[in-house]
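Data block for work-v8.csv (CSV, C-alpha atoms):
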```
chain,number,residue,atom,x,y,z
A,1,MET,CA,0.0,0.0,0.0
A,2,VAL,CA,2.8,2.4,0.8
A,3,TRP,CA,4.5,1.9,-2.5
A,4,SER,CA,1.1,2.5,-4.2
A,5,ILE,CA,0.7,5.9,-2.5
A,6,ALA,CA,4.4,6.8,-3.2
A,7,LEU,CA,4.0,5.9,-6.9
A,8,LEU,CA,0.8,8.0,-7.2
A,9,VAL,CA,2.5,11.0,-5.5
A,10,VAL,CA,5.6,10.7,-7.8
A,11,LEU,CA,3.4,10.5,-10.9
A,12,MET,CA,1.3,13.4,-10.0
A,13,GLY,CA,4.3,15.4,-8.7
A,14,ALA,CA,6.3,14.9,-11.9
A,15,ASP,CA,3.3,16.0,-14.0
A,16,GLN,CA,2.7,19.1,-12.0
A,17,LEU,CA,6.4,20.0,-11.8
A,18,LEU,CA,6.8,19.8,-15.6
A,19,LYS,CA,3.6,21.9,-16.1
A,20,TYR,CA,4.9,24.4,-13.5
A,21,TRP,CA,8.3,24.7,-15.3
A,22,THR,CA,6.5,25.1,-18.6
A,23,VAL,CA,4.2,27.9,-17.4
A,24,THR,CA,7.1,29.7,-15.6
A,25,HIS,CA,9.6,29.4,-18.5
A,26,LEU,CA,7.6,29.5,-21.7
A,27,ALA,CA,5.1,32.0,-23.0
A,28,LEU,CA,1.9,30.6,-24.6
A,29,GLY,CA,2.9,29.1,-28.0
A,30,GLU,CA,6.7,29.4,-27.3
A,31,SER,CA,8.9,26.4,-27.8
A,32,ALA,CA,12.2,25.2,-26.4
A,33,PRO,CA,14.2,22.3,-27.7
A,34,LEU,CA,14.5,19.3,-25.3
A,35,LEU,CA,15.9,16.6,-27.6
A,36,PRO,CA,16.7,18.4,-30.9
A,37,GLY,CA,15.0,16.8,-33.9
A,38,VAL,CA,12.8,14.6,-31.7
A,39,LEU,CA,11.1,16.5,-28.9
A,40,GLN,CA,10.6,20.1,-27.9
A,41,LEU,CA,8.5,21.8,-25.2
A,42,THR,CA,5.8,24.0,-26.6
A,43,ARG,CA,3.4,25.6,-24.1
A,44,LEU,CA,-0.2,25.1,-25.1
A,45,HIS,CA,-3.5,25.5,-23.1
A,46,ASN,CA,-5.9,22.7,-24.0
A,47,TYR,CA,-9.5,23.5,-23.1
A,48,GLY,CA,-10.7,20.0,-24.2
A,49,ALA,CA,-9.6,16.4,-23.9
A,50,ALA,CA,-7.4,14.4,-26.3
A,51,TRP,CA,-7.0,16.2,-29.6
A,52,SER,CA,-9.0,19.1,-28.1
A,53,SER,CA,-12.2,17.0,-28.2
A,54,LEU,CA,-15.0,18.4,-26.1
A,55,SER,CA,-13.2,21.8,-26.1
A,56,GLY,CA,-14.7,24.2,-23.6
A,57,LYS,CA,-16.7,21.5,-21.8
A,58,THR,CA,-14.7,21.7,-18.6
A,59,VAL,CA,-17.5,20.5,-16.3
A,60,VAL,CA,-18.3,17.6,-18.6
A,61,LEU,CA,-14.7,16.6,-18.7
A,62,LEU,CA,-14.4,16.9,-14.9
A,63,VAL,CA,-17.4,14.7,-14.4
A,64,ILE,CA,-16.3,12.0,-16.9
A,65,THR,CA,-12.7,12.0,-15.5
A,66,GLY,CA,-14.0,12.0,-12.0
A,67,VAL,CA,-16.2,8.9,-12.6
A,68,LEU,CA,-13.4,7.1,-14.4
A,69,MET,CA,-10.9,7.9,-11.6
A,70,ALA,CA,-13.5,6.8,-9.0
A,71,ALA,CA,-13.9,3.5,-10.8
A,72,VAL,CA,-10.2,2.8,-11.0
A,73,ALA,CA,-9.7,3.8,-7.3
A,74,TYR,CA,-12.6,1.4,-6.4
A,75,LEU,CA,-10.9,-1.5,-8.2
A,76,LEU,CA,-7.7,-0.8,-6.4
A,77,LEU,CA,-9.1,0.0,-2.9
A,78,LYS,CA,-11.5,-3.0,-2.9
A,79,LYS,CA,-8.6,-5.2,-4.1
A,80,ILE,CA,-10.5,-6.4,-7.1
A,81,VAL,CA,-7.2,-5.8,-9.0
A,82,ARG,CA,-4.4,-7.3,-6.9
A,83,HIS,CA,-1.7,-8.3,-9.3
A,84,PRO,CA,1.2,-5.8,-9.2
A,85,LEU,CA,1.0,-5.2,-13.0
A,86,GLY,CA,-2.8,-4.4,-12.7
A,87,VAL,CA,-2.2,-2.2,-9.7
A,88,THR,CA,0.6,-0.3,-11.4
A,89,ALA,CA,-1.6,0.2,-14.5
A,90,GLY,CA,-4.4,1.6,-12.3
A,91,LEU,CA,-2.0,3.9,-10.5
A,92,PHE,CA,-0.6,5.3,-13.8
A,93,ILE,CA,-4.2,5.9,-15.0
A,94,LEU,CA,-5.0,7.6,-11.7
A,95,GLY,CA,-1.8,9.7,-11.6
A,96,GLY,CA,-2.4,11.0,-15.1
A,97,GLY,CA,-6.2,11.5,-14.7
A,98,LEU,CA,-5.7,13.3,-11.4
A,99,GLY,CA,-2.9,15.4,-12.8
A,100,ASN,CA,-5.1,16.7,-15.6
A,101,MET,CA,-8.1,17.2,-13.2
A,102,ILE,CA,-5.9,19.4,-11.0
A,103,ASP,CA,-5.3,21.7,-14.0
A,104,ARG,CA,-8.9,21.7,-15.1
A,105,ILE,CA,-10.1,22.6,-11.6
A,106,ARG,CA,-7.3,25.1,-10.9
A,107,LEU,CA,-7.0,26.7,-14.3
A,108,GLY,CA,-10.0,25.7,-16.4
A,109,TYR,CA,-7.7,24.1,-19.0
A,110,VAL,CA,-4.8,21.6,-19.2
A,111,VAL,CA,-1.2,22.7,-19.7
A,112,ASP,CA,0.3,20.7,-22.6
A,113,MET,CA,3.9,20.9,-23.6
A,114,LEU,CA,5.3,17.7,-25.1
A,115,ASP,CA,5.7,18.4,-28.8
A,116,ILE,CA,7.1,15.6,-31.1
A,117,SER,CA,6.4,17.6,-34.2
A,118,PRO,CA,10.1,17.7,-35.2
A,119,LEU,CA,9.7,13.9,-35.6
A,120,PHE,CA,6.0,13.3,-36.3
A,121,ASP,CA,3.0,15.5,-37.0
A,122,TYR,CA,1.2,14.8,-33.8
A,123,PRO,CA,-0.8,17.0,-31.3
A,124,ILE,CA,1.0,18.5,-28.3
A,125,PHE,CA,0.3,16.5,-25.0
A,126,ASN,CA,1.6,16.4,-21.5
A,127,LEU,CA,3.1,13.9,-19.0
A,128,ALA,CA,-0.3,13.1,-17.5
A,129,ASP,CA,-1.5,12.0,-20.9
A,130,CYS,CA,1.6,9.7,-21.2
A,131,PHE,CA,0.8,8.2,-17.8
A,132,VAL,CA,-2.8,7.4,-18.9
A,133,VAL,CA,-1.6,5.8,-22.1
A,134,VAL,CA,1.1,3.8,-20.3
A,135,GLY,CA,-1.5,2.7,-17.7
A,136,ALA,CA,-3.9,1.7,-20.4
A,137,ILE,CA,-1.3,-0.4,-22.2
A,138,LEU,CA,-0.2,-2.0,-18.9
A,139,GLY,CA,-3.8,-2.6,-18.1
A,140,ALA,CA,-4.4,-4.4,-21.4
A,141,VAL,CA,-1.4,-6.6,-20.8
A,142,TYR,CA,-2.6,-7.3,-17.3
A,143,TYR,CA,-6.1,-8.2,-18.4
A,144,LEU,CA,-5.0,-10.3,-21.4
A,145,TRP,CA,-2.3,-12.3,-19.6
A,146,PHE,CA,-2.7,-12.0,-15.8
A,147,TYR,CA,-6.3,-11.3,-14.8
A,148,GLU,CA,-7.6,-14.8,-15.4
A,149,LYS,CA,-4.9,-16.4,-13.4
A,150,TYR,CA,-4.6,-14.0,-10.5
A,151,ASP,CA,-7.6,-11.8,-10.0
A,152,LYS,CA,-10.7,-13.4,-11.6
A,153,LYS,CA,-13.5,-13.5,-9.1
A,154,GLY,CA,-13.3,-16.5,-6.9
A,155,ARG,CA,-9.5,-16.9,-7.4
A,156,THR,CA,-7.0,-16.4,-4.7
A,157,HIS,CA,-3.9,-14.5,-5.7
A,158,GLY,CA,-1.5,-17.1,-7.2
A,159,LYS,CA,-2.8,-19.9,-5.0
A,160,GLU,CA,-4.6,-23.1,-6.1
A,161,ASP,CA,-8.4,-23.1,-5.9
A,162,ALA,CA,-10.5,-26.0,-4.5
A,163,ASP,CA,-9.9,-28.0,-7.8
A,164,GLY,CA,-6.2,-27.6,-7.6
A,165,HIS,CA,-5.9,-25.0,-10.4
A,166,ASN,CA,-3.8,-21.9,-10.4
```

The structure in this file should be written as structure tokens.
Amino acid sequence: MVWSIALLVVLMGADQLLKYWTVTHLALGESAPLLPGVLQLTRLHNYGAAWSSLSGKTVVLLVITGVLMAAVAYLLLKKIVRHPLGVTAGLFILGGGLGNMIDRIRLGYVVDMLDISPLFDYPIFNLADCFVVVGAILGAVYYLWFYEKYDKKGRTHGKEDADGHN
């Protein structure tokens, strides 16, 4: 439990620190190279969700994100997901979702800055978005390869059931 809280704090802290640095060092629309030819920091204010969808619908985004974060937290707190990979996936999703919620509540928009346009034509995003994507990928791996064995209802974590199955 302690490592879970620590990871969640680190994820949210890293996201908020990078956003703080971006806001205090770059003007809106200004860029600074981070990895020349690959990644630059470009300050952008996103009033929507991914790819600016639902732009200007801050309350709707807060409600949707809040419900999703509550569902993930429920799965973790009730120990429905117990395998370390599943827990880590949930924590990454929570860390990213809460990081963006903090911005929406505090600012009315999300600070984006990660710009891979020197490499690919792709929308600017932030660290919290990366955490949600990593969490979703880890969650898919967990569900496809570990859920059935470790966390399916009626199973004990890694122990044989009454029929001698793992």

Nearest to Glu30 (chain A), restricted to only C-alpha atoms and choosing among A:Leu98, A:Val87, A:Met113, A:Leu68, comes out as A:Met113

**Asked** If we count all atoms listed in the file, what is near Asn100 (chain A) at a cut-off of 8 Å, once residues fewer than 3 positions away on the same chain are taken out, given as a PyMOL selection string?
**Response** chain A and resi 96-97+103-104+110+128-129

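Atom to atom, CA of Ser117 (chain A) and CA of Gln40 (chain A) stand 8.0 Å apart.
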
As an exercise, work out the distance from CA of Ala89 (chain A) to CA of Leu144 (chain A) in Å and give it to one decimal place.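 Going from CA of Ala89 (chain A) over to CA of Leu144 (chain A) covers 13.0 Å.
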
What separates CA of Gly48 (chain A) and CA of Ile5 (chain A) is a distance of 28.3 Å

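Using all atoms listed in the file, the nearest neighbour of Ser4 (chain A) within the list A:Leu91, A:Ile102, A:Val67, A:Ile137 is A:Leu91.
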
Non-local contacts of Gly108 (chain A) (10 Å; all atoms listed in the file; under 2 positions in same chain excluded) as a VMD selection string:
chain A and resid 45 to 48 56 to 59 62 101 to 106 110 to 111

Using all atoms listed in the file, the residue out of A:Ala73, A:Leu18, A:Leu11, A:Val60 with shortest distance to Arg43 (chain A) is A:Leu18

Gly95 (chain A) proximity check over A:Leu75, A:Ala136, A:Met12, A:Val63, using all atoms listed in the file: winner is A:Met12

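The closest residue to Thr88 (chain A), picked from A:Gly139, A:Trp145, A:Ile116, A:Val2 and counting only C-alpha atoms, is A:Gly139.
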
Residue among A:Gly86, A:Pro123, A:Gly37, A:Gly99 lying closest to Tyr150 (chain A), counting only C-alpha atoms: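 Comparing A:Gly86, A:Pro123, A:Gly37, A:Gly99 against Tyr150 (chain A), the winner is A:Gly86.
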